[in-house]
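Next up, start21.txt (compact mmCIF, C-alpha atoms):
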```txt
# COMPACT_ATOMS: atom_id res chain seq x y z
CA MET A 1 -8.07 -15.77 14.59
CA GLY A 2 -10.43 -17.99 12.59
CA ILE A 3 -10.66 -19.29 9.08
CA HIS A 4 -10.77 -16.22 6.91
CA CYS A 5 -10.98 -17.62 3.58
CA VAL A 6 -10.65 -19.84 0.87
CA ALA A 7 -10.15 -20.83 -2.68
CA ILE A 8 -11.89 -18.33 -4.90
CA GLY A 9 -12.20 -18.22 -8.68
CA ALA A 10 -10.08 -19.88 -11.32
CA CYS A 11 -6.77 -18.13 -11.56
CA GLY A 12 -5.70 -20.08 -14.58
CA ARG A 13 -7.75 -17.64 -16.63
CA GLY A 14 -5.45 -14.80 -15.69
CA LYS A 15 -8.24 -12.61 -14.29
CA MET A 16 -8.44 -10.88 -10.95
CA ASP A 17 -11.39 -11.90 -8.74
CA THR A 18 -12.71 -8.65 -7.27
CA GLY A 19 -14.82 -10.59 -4.78
CA VAL A 20 -11.82 -11.80 -2.79
CA PRO A 21 -11.80 -10.45 0.81
CA ARG A 22 -9.47 -7.54 1.49
CA MET A 23 -6.66 -9.62 2.95
CA ALA A 24 -6.72 -12.21 0.18
CA VAL A 25 -4.04 -12.58 -2.44
CA ARG A 26 -5.49 -10.80 -5.47
CA THR A 27 -3.37 -11.99 -8.35
CA CYS A 28 -2.46 -15.33 -9.85
CA TRP A 29 1.21 -16.04 -9.58
CA ALA A 30 3.28 -18.59 -11.39
CA ALA A 31 2.88 -22.01 -9.81
CA ALA A 32 6.41 -22.20 -8.43
CA ALA A 33 6.33 -18.71 -6.91
CA GLY A 34 2.88 -19.33 -5.44
CA ALA A 35 3.99 -22.57 -3.82
CA ALA A 36 7.02 -20.87 -2.30
CA VAL A 37 4.99 -18.02 -0.85
CA VAL A 38 2.42 -20.42 0.62
CA ALA A 39 5.20 -22.44 2.23
CA LEU A 40 6.79 -19.34 3.76
CA LEU A 41 3.50 -17.95 5.05
CA SER A 42 2.47 -21.31 6.46
CA ALA A 43 5.74 -21.57 8.35
CA ALA A 44 5.41 -18.03 9.70
CA ILE A 45 1.82 -18.45 10.83
CA ALA A 46 2.58 -21.81 12.44
CA LEU A 47 4.88 -20.01 14.87
CA HIS A 48 1.98 -18.04 16.30
CA TRP A 49 -1.24 -20.07 15.90
CA PRO A 50 -2.32 -23.72 16.16
CA PRO A 51 -2.67 -25.73 12.93
CA LEU A 52 -6.40 -25.01 12.57
CA HIS A 53 -5.60 -21.32 12.22
CA ALA A 54 -3.07 -21.83 9.45
CA VAL A 55 -5.56 -21.55 6.60
CA LEU A 56 -4.18 -18.99 4.17
CA GLN A 57 -6.17 -16.54 2.18
CA ARG A 58 -5.45 -17.23 -1.44
CA ALA A 59 -6.84 -16.91 -4.95
CA PHE A 60 -5.39 -20.01 -6.51
CA SER A 61 -7.35 -22.52 -8.54
CA LEU A 62 -9.87 -24.78 -6.83
CA HIS A 63 -7.79 -27.81 -7.70
CA THR A 64 -4.69 -26.38 -6.03
CA ALA A 65 -6.57 -25.36 -2.90
CA HIS A 66 -8.10 -28.78 -2.45
CA SER A 67 -4.71 -30.44 -2.77
CA THR A 68 -3.51 -28.68 0.40
CA LYS A 69 -4.35 -29.23 4.06
CA ASP A 70 -6.83 -26.35 4.01
CA MET A 71 -9.79 -28.62 3.41
CA GLU A 72 -8.73 -30.88 6.27
CA ASN A 73 -8.93 -27.87 8.55
CA PHE A 74 -12.53 -27.30 7.47
CA PHE A 75 -13.33 -30.95 8.02
CA GLN A 76 -11.91 -30.66 11.52
CA LEU A 77 -14.01 -27.60 12.30
CA VAL A 78 -17.15 -29.49 11.29
CA ARG A 79 -16.05 -32.45 13.41
CA ASN A 80 -15.66 -30.07 16.32
CA ILE A 81 -19.33 -29.09 16.24
CA VAL A 82 -20.76 -32.61 15.93
CA PRO A 83 -22.25 -33.57 19.31
CA ALA A 84 -21.11 -36.80 20.89
CA LEU A 85 -23.55 -39.68 21.10
CA THR A 86 -24.10 -40.60 24.74
CA SER A 87 -26.78 -42.32 26.80
CA LYS A 88 -26.80 -39.35 29.20
CA LYS A 89 -28.69 -37.15 26.71
CA HIS A 90 -32.45 -36.74 26.50
CA LYS A 91 -34.65 -36.83 23.40
CA GLY A 92 -34.50 -33.58 21.52
CA GLN A 93 -31.18 -32.40 22.86
CA ASP A 94 -29.33 -32.91 19.57
CA GLY A 95 -31.86 -31.00 17.52
CA ARG A 96 -35.54 -30.24 17.12
CA ILE A 97 -35.96 -28.93 13.59
CA GLY A 98 -39.02 -27.34 11.98
CA ILE A 99 -39.75 -27.60 8.26
CA VAL A 100 -42.14 -24.97 6.87
CA GLY A 101 -43.44 -26.15 3.51
CA GLY A 102 -45.61 -28.65 1.74
CA CYS A 103 -48.71 -27.89 -0.31
CA GLN A 104 -51.10 -29.89 -2.47
CA GLU A 105 -48.69 -30.03 -5.40
CA TYR A 106 -45.41 -30.50 -3.53
CA THR A 107 -45.22 -33.08 -0.76
CA GLY A 108 -41.87 -34.73 -1.47
CA ALA A 109 -39.68 -31.72 -0.70
CA PRO A 110 -40.67 -31.24 2.96
CA TYR A 111 -40.33 -34.98 3.48
CA PHE A 112 -36.83 -34.99 1.98
CA ALA A 113 -35.78 -32.04 4.16
CA GLY A 114 -37.30 -33.49 7.32
CA ILE A 115 -35.98 -37.02 6.91
CA SER A 116 -32.52 -35.68 5.99
CA ALA A 117 -32.45 -33.68 9.22
CA LEU A 118 -33.21 -36.87 11.15
CA LYS A 119 -30.65 -38.92 9.25
CA VAL A 120 -27.92 -36.35 9.94
CA GLY A 121 -28.65 -36.47 13.66
CA ALA A 122 -31.64 -34.36 14.71
CA ASP A 123 -33.84 -36.07 17.28
CA LEU A 124 -37.18 -34.64 16.17
CA THR A 125 -38.51 -33.04 13.00
CA HIS A 126 -41.75 -31.10 12.74
CA VAL A 127 -43.32 -30.37 9.33
CA PHE A 128 -45.72 -27.43 9.12
CA CYS A 129 -47.63 -27.89 5.88
CA ALA A 130 -50.95 -27.21 4.15
CA ARG A 131 -53.89 -29.38 5.22
CA GLU A 132 -54.12 -31.35 1.97
CA ALA A 133 -50.40 -32.17 2.07
CA ALA A 134 -50.41 -33.56 5.60
CA PRO A 135 -51.86 -37.07 5.00
CA VAL A 136 -49.49 -37.59 2.08
CA ILE A 137 -46.40 -36.51 4.02
CA LYS A 138 -47.46 -38.66 6.97
CA SER A 139 -47.75 -41.65 4.66
CA TYR A 140 -44.13 -41.27 3.58
CA SER A 141 -42.75 -41.82 7.06
CA PRO A 142 -43.91 -42.23 10.67
CA GLU A 143 -40.71 -40.47 11.76
CA LEU A 144 -42.04 -36.98 10.97
CA ILE A 145 -44.37 -34.94 13.19
CA VAL A 146 -46.80 -33.29 10.78
CA HIS A 147 -48.88 -30.18 11.49
CA PRO A 148 -51.59 -29.40 8.84
CA VAL A 149 -51.79 -25.68 9.64
CA LEU A 150 -49.92 -23.70 7.00
CA ASP A 151 -52.97 -22.69 4.97
CA SER A 152 -55.20 -21.89 7.94
CA SER A 153 -56.20 -18.38 8.98
CA ASN A 154 -54.37 -18.76 12.30
CA ALA A 155 -51.25 -20.45 10.92
CA VAL A 156 -48.83 -17.96 12.45
CA GLU A 157 -50.27 -18.48 15.94
CA GLU A 158 -50.25 -22.28 15.51
CA VAL A 159 -46.61 -22.37 14.42
CA GLU A 160 -45.62 -19.79 17.02
CA LYS A 161 -46.75 -22.20 19.75
CA TRP A 162 -44.01 -24.59 18.70
CA LEU A 163 -41.19 -22.12 18.14
CA PRO A 164 -39.93 -22.22 21.77
CA ARG A 165 -39.34 -25.96 21.30
CA LEU A 166 -37.44 -25.67 18.02
CA HIS A 167 -33.70 -25.13 17.53
CA ALA A 168 -33.86 -24.18 13.84
CA LEU A 169 -36.38 -23.64 11.06
CA VAL A 170 -36.11 -24.62 7.39
CA VAL A 171 -38.48 -22.53 5.26
CA GLY A 172 -39.41 -23.25 1.66
CA PRO A 173 -39.34 -26.95 0.68
CA GLY A 174 -42.56 -27.60 -1.23
CA LEU A 175 -43.98 -24.27 -0.12
CA GLY A 176 -45.64 -23.24 -3.37
CA ARG A 177 -46.76 -19.69 -4.14
CA ASP A 178 -50.29 -19.52 -2.80
CA ASP A 179 -50.90 -16.00 -1.48
CA LEU A 180 -52.46 -17.13 1.79
CA ILE A 181 -49.61 -19.50 2.58
CA LEU A 182 -46.94 -16.96 1.65
CA ASN A 183 -48.57 -14.33 3.82
CA ASN A 184 -48.57 -16.79 6.71
CA VAL A 185 -44.89 -17.55 6.12
CA ARG A 186 -44.10 -13.83 6.36
CA GLY A 187 -45.62 -13.82 9.83
CA ILE A 188 -43.77 -17.01 10.78
CA LEU A 189 -40.45 -15.50 9.70
CA GLU A 190 -41.09 -12.39 11.79
CA ALA A 191 -41.92 -14.55 14.82
CA THR A 192 -38.81 -16.67 14.22
CA LYS A 193 -36.55 -13.62 14.11
CA ALA A 194 -38.14 -12.25 17.27
CA ARG A 195 -37.09 -15.43 19.07
CA ASP A 196 -33.60 -15.35 17.53
CA ILE A 197 -34.03 -18.79 15.98
CA PRO A 198 -31.74 -19.70 13.07
CA VAL A 199 -33.55 -20.14 9.75
CA VAL A 200 -32.55 -21.78 6.47
CA ILE A 201 -34.47 -20.50 3.45
CA ASP A 202 -34.72 -22.48 0.21
CA ALA A 203 -36.95 -23.02 -2.84
CA ASP A 204 -40.13 -20.91 -2.85
CA GLY A 205 -39.03 -19.42 0.45
CA LEU A 206 -36.39 -17.67 -1.68
CA TRP A 207 -39.08 -16.51 -4.09
CA LEU A 208 -40.80 -14.87 -1.12
CA ILE A 209 -37.55 -13.20 -0.05
CA ALA A 210 -37.06 -11.87 -3.59
CA GLN A 211 -40.46 -10.20 -3.27
CA GLN A 212 -39.64 -8.77 0.15
CA PRO A 213 -35.89 -8.79 0.97
CA ALA A 214 -36.50 -6.81 4.17
CA LEU A 215 -37.87 -10.00 5.73
CA ILE A 216 -34.35 -11.27 6.36
CA HIS A 217 -32.15 -8.22 5.70
CA GLY A 218 -29.43 -8.08 8.35
CA TYR A 219 -30.66 -11.17 10.20
CA GLN A 220 -27.39 -12.85 11.15
CA LYS A 221 -28.95 -16.26 11.82
CA ALA A 222 -30.44 -16.64 8.34
CA ILE A 223 -28.93 -18.73 5.55
CA LEU A 224 -30.21 -18.56 1.98
CA THR A 225 -29.50 -21.50 -0.33
CA PRO A 226 -30.27 -20.40 -3.92
CA ASN A 227 -29.51 -22.30 -7.09
CA ARG A 228 -28.42 -20.32 -10.14
CA VAL A 229 -31.92 -19.20 -11.16
CA GLU A 230 -32.91 -18.30 -7.60
CA PHE A 231 -29.63 -16.43 -7.13
CA SER A 232 -30.29 -14.33 -10.24
CA ARG A 233 -33.79 -13.52 -9.00
CA LEU A 234 -32.44 -12.40 -5.63
CA TRP A 235 -29.71 -10.36 -7.30
CA GLU A 236 -32.20 -8.46 -9.44
CA ALA A 237 -34.49 -7.84 -6.49
CA VAL A 238 -31.78 -6.64 -4.11
CA LEU A 239 -29.12 -5.01 -6.30
CA ASN A 240 -31.02 -4.14 -9.46
CA ASP A 241 -27.90 -3.94 -11.59
CA PRO A 242 -26.12 -6.31 -14.02
CA MET A 243 -24.40 -9.28 -12.39
CA ASP A 244 -20.81 -10.13 -13.28
CA THR A 245 -21.31 -13.66 -14.60
CA GLN A 246 -17.55 -14.22 -14.78
CA ASN A 247 -16.92 -13.43 -11.12
CA HIS A 248 -19.11 -15.86 -9.20
CA SER A 249 -17.32 -15.50 -5.88
CA GLY A 250 -17.49 -11.71 -6.10
CA SER A 251 -21.20 -11.89 -6.87
CA VAL A 252 -22.08 -14.07 -3.90
CA LEU A 253 -20.00 -11.82 -1.65
CA LYS A 254 -21.75 -8.72 -2.97
CA LEU A 255 -25.25 -10.19 -2.62
CA SER A 256 -24.54 -11.21 0.96
CA GLN A 257 -23.34 -7.71 1.75
CA ALA A 258 -26.41 -6.16 0.10
CA LEU A 259 -28.60 -8.37 2.32
CA GLY A 260 -26.92 -7.01 5.44
CA ASN A 261 -24.29 -9.77 5.61
CA THR A 262 -26.88 -12.52 5.61
CA THR A 263 -25.17 -15.83 4.80
CA VAL A 264 -25.70 -17.01 1.21
CA VAL A 265 -24.97 -20.47 -0.20
CA GLN A 266 -24.97 -20.40 -3.99
CA LYS A 267 -25.38 -23.96 -5.21
CA GLY A 268 -23.70 -24.95 -8.45
CA GLU A 269 -20.75 -26.79 -9.95
CA HIS A 270 -18.92 -25.57 -6.86
CA ASP A 271 -20.93 -24.29 -3.91
CA LEU A 272 -19.98 -20.74 -2.93
CA ILE A 273 -20.67 -19.64 0.64
CA SER A 274 -20.38 -16.08 1.92
CA ASN A 275 -21.35 -14.05 4.97
CA GLY A 276 -20.41 -10.75 3.31
CA GLN A 277 -16.88 -10.89 4.71
CA HIS A 278 -15.43 -14.12 3.40
CA VAL A 279 -16.12 -16.60 0.63
CA LEU A 280 -15.76 -20.34 1.09
CA VAL A 281 -15.74 -22.81 -1.75
CA CYS A 282 -17.05 -26.36 -1.46
CA SER A 283 -15.97 -28.55 -4.34
CA GLN A 284 -16.35 -31.99 -2.77
CA GLU A 285 -16.84 -34.50 -5.56
CA GLY A 286 -20.48 -35.18 -6.40
CA SER A 287 -21.84 -36.43 -9.71
CA GLY A 288 -23.50 -35.28 -12.90
CA ARG A 289 -26.91 -36.41 -11.64
CA ARG A 290 -29.23 -33.45 -11.04
CA CYS A 291 -32.54 -34.97 -10.01
CA GLY A 292 -34.98 -32.92 -7.95
CA GLY A 293 -34.75 -33.02 -4.18
CA GLN A 294 -31.02 -32.63 -3.62
CA GLY A 295 -31.53 -29.08 -2.39
CA ASP A 296 -33.95 -30.42 0.21
CA LEU A 297 -31.30 -32.81 1.48
CA LEU A 298 -28.98 -29.82 1.81
CA SER A 299 -31.48 -27.57 3.58
CA GLY A 300 -32.54 -30.27 6.04
CA SER A 301 -28.98 -31.21 6.96
CA LEU A 302 -28.02 -27.54 7.17
CA GLY A 303 -30.81 -26.88 9.66
CA VAL A 304 -29.26 -29.43 12.02
CA MET A 305 -25.68 -28.31 11.52
CA VAL A 306 -26.54 -24.66 12.14
CA HIS A 307 -27.99 -25.64 15.50
CA TRP A 308 -24.90 -27.68 16.33
CA ALA A 309 -22.50 -24.93 15.27
CA LEU A 310 -24.26 -22.21 17.28
CA LEU A 311 -24.51 -24.51 20.29
CA ALA A 312 -20.82 -25.39 20.06
CA GLY A 313 -19.87 -21.71 20.00
CA PRO A 314 -16.83 -19.85 18.65
CA GLN A 315 -14.39 -21.90 20.73
CA LYS A 316 -15.22 -25.02 18.74
CA THR A 317 -15.17 -23.15 15.43
CA HIS A 318 -11.91 -21.43 16.40
CA GLY A 319 -13.32 -17.98 15.81
CA SER A 320 -14.80 -18.75 12.41
CA SER A 321 -18.44 -17.98 11.70
CA PRO A 322 -20.55 -20.91 12.95
CA LEU A 323 -22.92 -20.44 10.02
CA LEU A 324 -20.07 -20.70 7.50
CA VAL A 325 -18.79 -23.87 9.14
CA ALA A 326 -22.28 -25.38 9.18
CA ALA A 327 -22.94 -24.44 5.56
CA TRP A 328 -19.63 -25.86 4.36
CA GLY A 329 -20.32 -29.08 6.28
CA ALA A 330 -23.83 -29.48 4.84
CA CYS A 331 -22.67 -28.78 1.29
CA THR A 332 -19.85 -31.29 1.62
CA LEU A 333 -22.16 -33.94 3.04
CA THR A 334 -24.77 -33.45 0.30
CA ARG A 335 -22.14 -33.79 -2.41
CA GLU A 336 -20.70 -36.93 -0.84
CA CYS A 337 -24.18 -38.49 -0.63
CA ASN A 338 -24.65 -37.67 -4.31
CA HIS A 339 -21.30 -39.21 -5.18
CA GLN A 340 -21.83 -42.43 -3.21
CA ALA A 341 -25.33 -42.99 -4.56
CA PHE A 342 -24.17 -42.36 -8.11
CA GLN A 343 -21.44 -44.98 -7.75
CA LYS A 344 -24.18 -47.53 -7.06
CA TYR A 345 -27.04 -46.46 -9.29
CA GLY A 346 -25.58 -44.23 -12.00
CA ARG A 347 -28.15 -42.56 -14.21
CA SER A 348 -31.08 -43.97 -12.22
CA THR A 349 -29.93 -42.27 -8.98
CA THR A 350 -32.67 -40.38 -7.12
CA THR A 351 -32.67 -38.25 -3.98
CA THR A 352 -34.08 -41.19 -2.01
CA ASP A 353 -30.90 -43.09 -2.90
CA MET A 354 -28.78 -40.13 -1.78
CA ILE A 355 -30.55 -39.84 1.58
CA ALA A 356 -29.86 -43.54 2.16
CA GLU A 357 -26.15 -42.66 1.99
CA VAL A 358 -26.26 -40.00 4.73
CA GLY A 359 -25.03 -42.32 7.48
CA THR A 360 -22.00 -43.72 5.65
CA ALA A 361 -21.15 -40.36 4.08
CA PHE A 362 -21.32 -38.58 7.44
CA ASN A 363 -19.08 -41.17 9.08
CA LYS A 364 -16.58 -41.01 6.24
CA LEU A 365 -16.34 -37.22 6.29
CA PHE A 366 -16.77 -36.21 9.92
CA MET A 367 -16.26 -39.20 12.21
CA THR A 368 -12.76 -40.27 11.21
```
Represent the supplied structure as C-alpha cells.
Amino acid sequence: MGIHCVAIGACGRGKMDTGVPRMAVRTCWAAAAGAAVVALLSAAIALHWPPLHAVLQRAFSLHTAHSTKDMENFFQLVRNIVPALTSKKHKGQDGRIGIVGGCQEYTGAPYFAGISALKVGADLTHVFCAREAAPVIKSYSPELIVHPVLDSSNAVEEVEKWLPRLHALVVGPGLGRDDLILNNVRGILEATKARDIPVVIDADGLWLIAQQPALIHGYQKAILTPNRVEFSRLWEAVLNDPMDTQNHSGSVLKLSQALGNTTVVQKGEHDLISNGQHVLVCSQEGSGRRCGGQGDLLSGSLGVMVHWALLAGPQKTHGSSPLLVAAWGACTLTRECNHQAFQKYGRSTTTTDMIAEVGTAFNKLFMT
C-alpha cells in the first residue's frame, strides 16, 4: 500500500473539497477531534504497515499537514530513488536527458532546463533546438550537447536517432509557436511515446497540447507542468466547461482524469500534483520572487527525477506512483532553490542564482 494522498484544500473555510480522492476525509473537523482521529488511525495503521505507509488521507489545512510526519515520508521516498554516487558507474548511467526547445527568440529557457538537469545529477543533456538558437545556447555553457535540427524538414528523423540513448525528454522550454517547429514536435512526441520514453511537457509544449490533447491523452509516462494561465488553457481545450476556481485540488484532479490520468503539476502558491487518482500538495517554502525561468529549473530537474523514479521501481517508492514521487521531489527542490537564493539576493534574485543553489538545496532536502 503506497502513499495515497495528501493535504488538499483549506478546510478553515468550512467548504468541502470535491476533488479529494474517494478514501479521503471529506469534511473539516474541529481541531481537537481531528487530532484525535489522526492519532487513532496512525496507531492502527502502524500495526500493519511500516512507517512509510502510514500517510493518512486527510483534508486538513496545508499548515496542519506540513506540521506532521507526512512530509518526511515524502522526503524519504524521494531519497529512495536518488542513485548512489559510485566509481563503478559509467557515464550516462544516472541520466541522459533530452531538451526539445529553443528558437531565435528564446534561448535561455532550454539552457536553464538543460543545466538544471545536469546540476541535479544527470550525466548528459542534449538540447534539440532551432538552427539560429544553437550558437547562442552553446555559448552559454560547454556542458550542453546542442543539436540545431528542430526547424529542419527532417527534424523528426534527426531527433529519433537519439531517442534510444535518452532516458527522458523535456519538451517546451523556449519552443516558440512557429508552425514548422510545432509540427516537428508533434512527430517527436509520437516517436517518444512509441519508445515508451517518459516526457515532461512545459511552456509552449503545453500550448501545443492544448491544440491537440490527443498527443498525450492516456500516456502514463507524461507529466504536464502548467502555470495558472496554461492550466486554464488546457482546461478549456479538454473539458470545455467552467472551472471551479475555489476548488483547485478538485480541478487538477479532474483535468488529469480528462487527459486519461496523465500526471499534471499545477504550479502556483502551492504546487498541486495529480495522476487522476490522488492529489499531492507541495508547499515547501519558496519566496515572492517570480522571475522568468523557474519553470525551466523545475522541468529540467523533473526530467532527471522521473528517470530515477522509474528506474528505482515500485519497491523504492513503496507502491506509490513513481511519477508523483518524482514530481513532488522536483517541486520541492525548485522551491528550496528559490528560497535559498532569495535569502542571499532578495529582490535582485534571478533563475541563474536559483540554479547555483541546486547542489546545497538537494543535499539539504534529500541527502540527510
What does the structure give for the distance between atom CA of Ile355 of chain A and atom CA of Ala312 of chain A, in Å to one decimal? 25.4 Å
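Every residue within 6 Å of the file position (-32.4, -18.9, 4.4), judged by only C-alpha atoms, is given as Val199, Val200, Ile201, Asp202, Ala222, Ile223 and Leu224 of chain A.
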Exercise: segment 267-272 of chain A partners within 6 Å, all atoms listed in the file, chain neighbours under 5 positions left out, as a PDB file with C-alpha atoms, keeping the file's coordinate frame:
```
ATOM      1  CA  ASN A 227     -29.510 -22.300  -7.090  1.00  0.00           C
ATOM      2  CA  LEU A 280     -15.760 -20.340   1.090  1.00  0.00           C
ATOM      3  CA  VAL A 281     -15.740 -22.810  -1.750  1.00  0.00           C
ATOM      4  CA  CYS A 282     -17.050 -26.360  -1.460  1.00  0.00           C
ATOM      5  CA  SER A 283     -15.970 -28.550  -4.340  1.00  0.00           C
TER       6      SER A 283
END
```
Dump as a tab-separated table the rows for residues of segment 327-363 of chain A within 12 Å of segment 303-309 of chain A: closest atom pair and distance in Å with one decimal, all atoms listed in the file counted, ordered by chain and rising residue number.
```
residue	atom	partner	partner_atom	distance
A:Ala327	CA	A:Val306	CA	7.5
A:Trp328	CA	A:Met305	CA	9.7
A:Gly329	CA	A:Met305	CA	7.5
A:Ala330	CA	A:Met305	CA	7.0
A:Cys331	CA	A:Met305	CA	10.7
A:Thr332	CA	A:Met305	CA	11.9
A:Leu333	CA	A:Met305	CA	10.8
A:Phe362	CA	A:Met305	CA	11.9
```
Within 10 Å of segment 314-323 of chain A, counting all atoms listed in the file, which residues qualify if same-chain residues fewer than 2 places away don't, as a PyMOL selection string? chain A and resi 1-5+50+52-53+74+76-82+198+220-223+262-264+273-275+278+302+305-312+325-329
Among the residues A:Pro242, A:Pro83, A:Gly218, A:Pro142, the one that comes closest to Gln257 of chain A [using all atoms listed in the file]: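 Using all atoms listed in the file, the shortest distance to Gln257 of chain A belongs to A:Gly218.
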With only C-alpha atoms as the basis for distance, which of A:Leu206, A:Ala84, A:Ile216, A:Cys129 is at the shortest distance from Ala258 of chain A?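 Closest to Ala258 of chain A of all the choices is A:Ile216.
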Atom CA of Ala191 of chain A to atom CA of Glu160 of chain A: how many Å, to one decimal?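 Taking atom CA of Ala191 of chain A and atom CA of Glu160 of chain A, their separation equals 6.8 Å.
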Let me have the centre and edge lengths in Å, one decimal, of the box along x, y and z around every listed atom of segment 105-117 of chain A with 4 Å of margin on each side, as lines of an AutoDock Vina configuration file.
```
center_x = -40.6
center_y = -33.5
center_z = 1.9
size_x = 24.2
size_y = 15.0
size_z = 22.6
```
Atom-to-atom span, atom CA of Cys291 of chain A and atom CA of Asp179 of chain A, Å: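 Between atom CA of Cys291 of chain A and atom CA of Asp179 of chain A the gap works out to 27.7 Å.
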Give the answer as one residue: which of A:Ser153, A:Gln343, A:Cys337, A:Leu175 has the shortest atom-to-atom distance to Ala356 of chain A, using only C-alpha atoms? A:Cys337
Considering only C-alpha atoms, state which residue in the set A:Val100, A:Met367, A:Val156, A:Ala168 is at the smallest distance from Ala134 of chain A.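 Closest candidate: A:Val100.
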Please return, as an MDAnalysis selection string, all polymer residues that have at least one atom within 7 Å of the point (-37.6, -33.0, 14.0); use all atoms listed in the file and the file's own coordinate frame. chainID A and resid 96:98 114 118 122:126 144
Of the listed residues A:Arg289, A:Cys103, A:Thr192, A:Gly250, that which approaches Gly346 of chain A most closely, counting only C-alpha atoms: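 Going through A:Arg289, A:Cys103, A:Thr192, A:Gly250 one by one, the smallest distance to Gly346 of chain A is for A:Arg289.
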Reconstructed N, CA, C and O atoms for segment 285-297 of chain A, given as a CSV table (one decimal), keeping the file's coordinate frame:
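For reference, part.csv as written:
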```csv
chain,number,residue,atom,x,y,z
A,285,GLU,N,-16.4,-33.8,-4.4
A,285,GLU,CA,-16.8,-34.5,-5.6
A,285,GLU,C,-18.3,-35.0,-5.4
A,285,GLU,O,-18.6,-35.6,-4.4
A,286,GLY,N,-19.1,-34.7,-6.4
A,286,GLY,CA,-20.5,-35.2,-6.4
A,286,GLY,C,-20.7,-36.1,-7.6
A,286,GLY,O,-20.0,-37.0,-7.8
A,287,SER,N,-21.6,-35.7,-8.5
A,287,SER,CA,-21.8,-36.4,-9.7
A,287,SER,C,-22.6,-35.5,-10.7
A,287,SER,O,-23.0,-34.4,-10.4
A,288,GLY,N,-22.8,-36.0,-11.9
A,288,GLY,CA,-23.5,-35.3,-12.9
A,288,GLY,C,-25.0,-35.4,-12.8
A,288,GLY,O,-25.8,-34.8,-13.6
A,289,ARG,N,-25.5,-36.2,-11.8
A,289,ARG,CA,-26.9,-36.4,-11.6
A,289,ARG,C,-27.5,-35.2,-11.0
A,289,ARG,O,-27.1,-34.8,-9.9
A,290,ARG,N,-28.6,-34.7,-11.6
A,290,ARG,CA,-29.2,-33.4,-11.0
A,290,ARG,C,-30.7,-33.6,-10.9
A,290,ARG,O,-31.5,-32.8,-11.3
A,291,CYS,N,-31.1,-34.7,-10.2
A,291,CYS,CA,-32.5,-35.0,-10.0
A,291,CYS,C,-33.1,-34.0,-8.9
A,291,CYS,O,-32.3,-33.5,-8.1
A,292,GLY,N,-34.4,-33.8,-8.9
A,292,GLY,CA,-35.0,-32.9,-8.0
A,292,GLY,C,-34.9,-33.5,-6.5
A,292,GLY,O,-34.9,-34.7,-6.3
A,293,GLY,N,-34.8,-32.6,-5.6
A,293,GLY,CA,-34.8,-33.0,-4.2
A,293,GLY,C,-33.4,-32.9,-3.5
A,293,GLY,O,-33.3,-32.9,-2.3
A,294,GLN,N,-32.3,-32.7,-4.2
A,294,GLN,CA,-31.0,-32.6,-3.6
A,294,GLN,C,-30.9,-31.4,-2.8
A,294,GLN,O,-30.2,-31.4,-1.7
A,295,GLY,N,-31.5,-30.3,-3.2
A,295,GLY,CA,-31.5,-29.1,-2.4
A,295,GLY,C,-32.3,-29.3,-1.1
A,295,GLY,O,-31.9,-28.6,-0.1
A,296,ASP,N,-33.2,-30.1,-1.0
A,296,ASP,CA,-34.0,-30.4,0.2
A,296,ASP,C,-33.1,-31.2,1.2
A,296,ASP,O,-33.1,-31.0,2.4
A,297,LEU,N,-32.3,-32.1,0.6
A,297,LEU,CA,-31.3,-32.8,1.5
A,297,LEU,C,-30.3,-31.8,2.1
A,297,LEU,O,-30.0,-31.9,3.3
```
